[in-house]
Structures are given as structure tokens and as C-alpha cells.
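*Asks:* Have a peek at run_25.pdb (PDB, C-alpha atoms, pLDDT in the B column).
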ATOM      1  CA  MET C   1     -10.647 -53.930 -62.538  1.00 45.00           C
ATOM      2  CA  PHE C   2      -9.244 -50.527 -61.663  1.00 50.00           C
ATOM      3  CA  ILE C   3     -11.588 -49.945 -58.748  1.00 54.00           C
ATOM      4  CA  ASP C   4     -11.138 -52.371 -55.917  1.00 52.00           C
ATOM      5  CA  LYS C   5     -12.694 -50.462 -52.999  1.00 57.00           C
ATOM      6  CA  PHE C   6     -15.492 -47.950 -52.722  1.00 58.00           C
ATOM      7  CA  SER C   7     -16.488 -45.732 -49.848  1.00 59.00           C
ATOM      8  CA  ASP C   8     -19.388 -43.351 -49.464  1.00 63.00           C
ATOM      9  CA  LEU C   9     -21.013 -44.547 -52.701  1.00 73.00           C
ATOM     10  CA  ASN C  10     -24.364 -46.254 -53.085  1.00 85.00           C
ATOM     11  CA  ASN C  11     -24.702 -49.439 -55.141  1.00 87.00           C
ATOM     12  CA  ASN C  12     -26.242 -47.646 -58.139  1.00 90.00           C
ATOM     13  CA  VAL C  13     -23.320 -45.216 -58.374  1.00 91.00           C
ATOM     14  CA  ILE C  14     -20.812 -48.056 -58.024  1.00 90.00           C
ATOM     15  CA  THR C  15     -22.534 -49.948 -60.839  1.00 92.00           C
ATOM     16  CA  LEU C  16     -22.560 -46.851 -63.060  1.00 94.00           C
ATOM     17  CA  ILE C  17     -18.901 -46.048 -62.395  1.00 93.00           C
ATOM     18  CA  LYS C  18     -17.907 -49.604 -63.269  1.00 92.00           C
ATOM     19  CA  TYR C  19     -20.027 -49.432 -66.417  1.00 96.00           C
ATOM     20  CA  LEU C  20     -18.523 -46.088 -67.448  1.00 96.00           C
ATOM     21  CA  ILE C  21     -14.987 -47.376 -66.943  1.00 95.00           C
ATOM     22  CA  LYS C  22     -15.748 -50.564 -68.894  1.00 96.00           C
ATOM     23  CA  GLU C  23     -17.105 -48.513 -71.800  1.00 98.00           C
ATOM     24  CA  LEU C  24     -14.208 -46.025 -71.738  1.00 97.00           C
ATOM     25  CA  GLN C  25     -11.765 -48.928 -71.927  1.00 97.00           C
ATOM     26  CA  THR C  26     -13.213 -49.857 -75.337  1.00 97.00           C
ATOM     27  CA  ILE C  27     -12.076 -46.553 -76.858  1.00 97.00           C
ATOM     28  CA  PRO C  28      -8.594 -46.443 -78.412  1.00 94.00           C
ATOM     29  CA  ASP C  29      -6.277 -43.777 -76.945  1.00 92.00           C
ATOM     30  CA  VAL C  30      -8.276 -43.599 -73.684  1.00 97.00           C
ATOM     31  CA  ILE C  31      -6.518 -44.350 -70.417  1.00 94.00           C
ATOM     32  CA  ILE C  32      -8.362 -44.611 -67.115  1.00 94.00           C
ATOM     33  CA  ASN C  33      -6.675 -42.612 -64.351  1.00 90.00           C
ATOM     34  CA  THR C  34      -9.221 -43.448 -61.659  1.00 84.00           C
ATOM     35  CA  GLY C  35      -8.103 -46.371 -59.566  1.00 74.00           C
ATOM     36  CA  GLY C  36      -7.720 -47.776 -56.101  1.00 62.00           C
ATOM     37  CA  LYS C  37     -10.063 -46.551 -53.393  1.00 59.00           C
ATOM     38  CA  VAL C  38     -12.770 -44.303 -54.804  1.00 58.00           C
ATOM     39  CA  SER C  39     -14.598 -41.968 -52.468  1.00 60.00           C
ATOM     40  CA  SER C  40     -15.983 -39.466 -54.946  1.00 76.00           C
ATOM     41  CA  HIS C  41     -18.361 -39.616 -57.856  1.00 88.00           C
ATOM     42  CA  ILE C  42     -15.628 -38.754 -60.363  1.00 91.00           C
ATOM     43  CA  VAL C  43     -14.097 -40.880 -63.105  1.00 93.00           C
ATOM     44  CA  ASN C  44     -10.844 -39.415 -64.402  1.00 92.00           C
ATOM     45  CA  PHE C  45      -9.506 -40.490 -67.783  1.00 95.00           C
ATOM     46  CA  SER C  46      -7.153 -39.231 -70.475  1.00 95.00           C
ATOM     47  CA  CYS C  47      -7.459 -39.150 -74.238  1.00 95.00           C
ATOM     48  CA  ILE C  48      -3.857 -39.499 -75.353  1.00 94.00           C
ATOM     49  CA  GLY C  49      -2.906 -37.229 -78.223  1.00 92.00           C
ATOM     50  CA  TYR C  50      -5.953 -34.978 -77.861  1.00 95.00           C
ATOM     51  CA  LYS C  51      -6.258 -31.556 -76.247  1.00 94.00           C
ATOM     52  CA  PRO C  52      -8.778 -31.876 -73.417  1.00 94.00           C
ATOM     53  CA  GLU C  53     -10.229 -28.398 -74.013  1.00 95.00           C
ATOM     54  CA  VAL C  54     -11.082 -29.319 -77.616  1.00 96.00           C
ATOM     55  CA  ILE C  55     -12.908 -32.457 -76.422  1.00 97.00           C
ATOM     56  CA  LEU C  56     -14.630 -30.500 -73.664  1.00 96.00           C
ATOM     57  CA  HIS C  57     -15.983 -27.854 -76.054  1.00 96.00           C
ATOM     58  CA  ALA C  58     -17.035 -30.390 -78.691  1.00 97.00           C
ATOM     59  CA  LEU C  59     -19.001 -32.316 -76.053  1.00 98.00           C
ATOM     60  CA  GLU C  60     -20.572 -29.070 -74.800  1.00 97.00           C
ATOM     61  CA  GLU C  61     -22.011 -28.600 -78.291  1.00 97.00           C
ATOM     62  CA  LYS C  62     -23.749 -31.939 -77.764  1.00 97.00           C
ATOM     63  CA  ASP C  63     -25.086 -30.847 -74.344  1.00 96.00           C
ATOM     64  CA  ILE C  64     -22.612 -33.024 -72.457  1.00 97.00           C
ATOM     65  CA  LEU C  65     -20.757 -31.249 -69.687  1.00 96.00           C
ATOM     66  CA  ILE C  66     -17.570 -32.675 -68.249  1.00 96.00           C
ATOM     67  CA  SER C  67     -14.481 -30.960 -66.856  1.00 93.00           C
ATOM     68  CA  THR C  68     -10.750 -30.940 -67.345  1.00 90.00           C
ATOM     69  CA  ARG C  69      -9.777 -30.321 -63.735  1.00 65.00           C
ATOM     70  CA  SER C  70     -11.162 -29.672 -60.310  1.00 52.00           C
ATOM     71  CA  ALA C  71     -12.631 -26.242 -59.627  1.00 46.00           C
ATOM     72  CA  CYS C  72      -9.885 -25.435 -57.126  1.00 45.00           C
ATOM     73  CA  SER C  73      -7.174 -25.872 -59.781  1.00 46.00           C
ATOM     74  CA  SER C  74      -9.004 -24.552 -62.845  1.00 47.00           C
ATOM     75  CA  LYS C  75      -7.208 -21.198 -62.805  1.00 50.00           C
ATOM     76  CA  THR C  76      -3.747 -22.678 -63.374  1.00 51.00           C
ATOM     77  CA  SER C  77      -2.330 -24.069 -66.602  1.00 52.00           C
ATOM     78  CA  ASP C  78       0.006 -26.501 -64.883  1.00 60.00           C
ATOM     79  CA  VAL C  79      -0.668 -30.205 -64.450  1.00 62.00           C
ATOM     80  CA  SER C  80      -2.914 -30.604 -61.433  1.00 58.00           C
ATOM     81  CA  ARG C  81      -1.425 -31.538 -58.080  1.00 58.00           C
ATOM     82  CA  VAL C  82      -3.448 -34.762 -58.030  1.00 60.00           C
ATOM     83  CA  MET C  83      -2.139 -35.839 -61.440  1.00 59.00           C
ATOM     84  CA  GLN C  84       1.416 -35.102 -60.284  1.00 55.00           C
ATOM     85  CA  GLN C  85       0.913 -37.205 -57.145  1.00 56.00           C
ATOM     86  CA  LEU C  86      -0.212 -40.123 -59.301  1.00 62.00           C
ATOM     87  CA  HIS C  87       3.156 -39.925 -61.107  1.00 61.00           C
ATOM     88  CA  LEU C  88       1.458 -40.078 -64.489  1.00 75.00           C
ATOM     89  CA  PRO C  89       3.421 -39.326 -67.650  1.00 72.00           C
ATOM     90  CA  ASP C  90       2.968 -35.706 -68.785  1.00 77.00           C
ATOM     91  CA  GLU C  91       1.071 -36.810 -71.895  1.00 80.00           C
ATOM     92  CA  VAL C  92      -1.497 -38.575 -69.695  1.00 85.00           C
ATOM     93  CA  ALA C  93      -1.672 -35.915 -66.976  1.00 82.00           C
ATOM     94  CA  LYS C  94      -2.106 -33.022 -69.418  1.00 88.00           C
ATOM     95  CA  SER C  95      -4.948 -34.726 -71.274  1.00 90.00           C
ATOM     96  CA  ALA C  96      -7.020 -35.652 -68.204  1.00 92.00           C
ATOM     97  CA  LEU C  97     -10.799 -35.266 -68.226  1.00 95.00           C
ATOM     98  CA  ARG C  98     -13.313 -35.770 -65.424  1.00 93.00           C
ATOM     99  CA  VAL C  99     -16.841 -37.172 -65.509  1.00 95.00           C
ATOM    100  CA  SER C 100     -19.137 -36.889 -62.511  1.00 94.00           C
ATOM    101  CA  ILE C 101     -21.668 -39.599 -61.682  1.00 94.00           C
ATOM    102  CA  SER C 102     -24.534 -39.182 -59.240  1.00 93.00           C
ATOM    103  CA  ASP C 103     -27.275 -41.411 -57.953  1.00 91.00           C
ATOM    104  CA  LEU C 104     -29.521 -39.616 -60.476  1.00 94.00           C
ATOM    105  CA  THR C 105     -27.338 -40.624 -63.454  1.00 95.00           C
ATOM    106  CA  LYS C 106     -28.915 -43.142 -65.817  1.00 96.00           C
ATOM    107  CA  GLU C 107     -27.107 -45.797 -67.843  1.00 97.00           C
ATOM    108  CA  GLU C 108     -28.612 -44.262 -70.993  1.00 98.00           C
ATOM    109  CA  GLU C 109     -26.787 -41.006 -70.195  1.00 97.00           C
ATOM    110  CA  ILE C 110     -23.499 -42.880 -69.992  1.00 98.00           C
ATOM    111  CA  ASP C 111     -24.303 -44.556 -73.314  1.00 98.00           C
ATOM    112  CA  LYS C 112     -24.949 -41.136 -74.879  1.00 98.00           C
ATOM    113  CA  PHE C 113     -21.697 -39.791 -73.417  1.00 98.00           C
ATOM    114  CA  ILE C 114     -19.665 -42.735 -74.763  1.00 98.00           C
ATOM    115  CA  TYR C 115     -21.293 -42.466 -78.196  1.00 98.00           C
ATOM    116  CA  CYS C 116     -20.636 -38.710 -78.364  1.00 98.00           C
ATOM    117  CA  LEU C 117     -17.080 -39.057 -77.054  1.00 98.00           C
ATOM    118  CA  LYS C 118     -16.271 -41.599 -79.776  1.00 98.00           C
ATOM    119  CA  GLU C 119     -17.858 -39.307 -82.366  1.00 97.00           C
ATOM    120  CA  VAL C 120     -15.857 -36.295 -81.116  1.00 97.00           C
ATOM    121  CA  LEU C 121     -12.566 -38.201 -81.039  1.00 97.00           C
ATOM    122  CA  ASP C 122     -13.163 -39.505 -84.580  1.00 96.00           C
ATOM    123  CA  SER C 123     -13.976 -35.993 -85.783  1.00 95.00           C
ATOM    124  CA  ILE C 124     -10.873 -34.499 -84.147  1.00 93.00           C
ATOM    125  CA  LYS C 125      -8.674 -37.284 -85.552  1.00 89.00           C
ATOM    126  CA  LYS C 126      -9.964 -36.595 -89.082  1.00 84.00           C
ATOM    127  CA  GLN C 127      -9.156 -32.867 -88.712  1.00 82.00           C
ATOM    128  CA  ARG C 128      -5.507 -33.507 -87.912  1.00 69.00           C
TER     129      ARG C 128
END
Step by step, read the file and then write its structure as C-alpha cells.
*Replies:*
Amino acid sequence: MFIDKFSDLNNNVITLIKYLIKELQTIPDVIINTGGKVSSHIVNFSCIGYKPEVILHALEEKDILISTRSACSSKTSDVSRVMQQLHLPDEVAKSALRVSISDLTKEEEIDKFIYCLKEVLDSIKKQR
């Protein structure tokens, strides 16, 4: 398991984060970047070979809002400082996406996200 320690998270959020990561791991070309001690409600992952902005906008059309980077680094086009500190390959770092989980998130919402993400990735792959 990627997450071995949690801090500042309630049990429901921990369960949902673990569930989200487990489901993301079933998708080809998805790499989980979140690992180690987790103190936020964010799961960071990459879709290798896909432009994150294309995924982001396709999910927006399905009323699913995620982000490509933190708000404090959204104005730059460089790889984020956090991704650099993780020493991730450029292909992984440049394709990073972020999903936020709260104690109000429901498992059904994660299921919808995973379903729509798979649908979007399949659609993008067919357009190549």
C-alpha cells in the first residue's frame, strides 16, 4: 500500500483515500504519486501519455472537478516544486492530476469519478 501513515484525517477520509487509490491502480497508464505520510485530503496521480489539461476539461464536461496543480503554482508552466522534490520522471511529473477528498465525499462519487476517468482516457486514446 502506498499510504502507510495518516495524520489529521478522520477514518472515513482514510477509507475513501485508500479506496480511490485502489481503484486508480486498476487503470492502465495511471501511476499513483501520493505516498508515505499523508496529511492532506489530496490524492495525486499521473496518466502517462496523456495531457492533464485535456483530461481535466473532459472531466469538467461530466461535472467532475479536479486539478492539475496546487493553486499556488497554477500560474507557472513548469513542473511543480513538489513533483521535482519527489524526483519523479518528467513524463510522470508533467502529467500529474490531483483529487481532493473530504469527510463529505461519498464512495459513489469516487465510483463515478473512476468510471468517467476510464471513459475519458478511452476516448482520448481513440482520438490519437
*Asks:* What is the atom CA of C:Glu107-atom CA of C:Ile32 distance in Å, reported with one decimal?
*Replies:*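 For atom CA of C:Glu107 relative to atom CA of C:Ile32, the distance reads 18.8 Å.
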*Asks:* Let me know the residues the PyMOL selection byres ((chain C and resi 52) around 8) catches in the file above, as a PyMOL selection string.
*Replies:* chain C and resi 47+50-51+53-56+68+94-97
*Asks:* With only C-alpha atoms as the basis for distance, which of C:Val13, C:Phe45, C:Tyr19, C:Ile64 is at the shortest distance from C:Ala93?
*Replies:*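 Nearest to C:Ala93: C:Phe45.
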*Asks:* Using only C-alpha atoms, can you tell me which of C:Asp103, C:Asn12, C:Leu65, C:Val92 comes closest to C:Cys116?
*Replies:*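 Of C:Asp103, C:Asn12, C:Leu65, C:Val92, the one nearest C:Cys116 is C:Leu65, counting only C-alpha atoms.
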*Asks:* Nearest to C:Glu91 among C:Ile66, C:Val30, C:Ile42, C:Ile124, with distances taken over only C-alpha atoms: which residue is it?
*Replies:* C:Val30
*Asks:* Compare C:Lys126, C:Lys18, C:Lys118, C:Lys106 by their minimum atom-to-atom distance to C:Val43, counting all atoms listed in the file, and give me the closest one.
*Replies:*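 Once distances to C:Val43 are computed over all atoms listed in the file, the minimum belongs to C:Lys18.
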*Asks:* In Å to one decimal, how far is atom CA of C:Leu16 from atom CA of C:Ile101?
*Replies:* 7.4 Å
*Asks:* Work out how far apart atom CA of C:Ile48 and atom CA of C:Ile17 are and give it in Å to one decimal.
*Replies:* 20.9 Å
*Asks:* So, counting all atoms listed in the file, which residue among C:Ser40, C:Thr105, C:Asn11, C:Ser100 is closest to C:Ser67?
*Replies:*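 Using all atoms listed in the file, C:Ser67 sits closest to C:Ser100.
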*Asks:* Quick one: of C:Ile114, C:Asp122, C:His57, C:Gly49, who's nearest to C:Asp29, counting all atoms listed in the file?
*Replies:*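 Under the stated criterion, the closest residue is C:Gly49.
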*Asks:* Specify as a PyMOL selection string each residue included when the PyMOL selection byres ((chain C and resi 115) around 12) is applied to this file.
*Replies:* chain C and resi 20+23-24+26-27+59+62+64+108-114+116-122
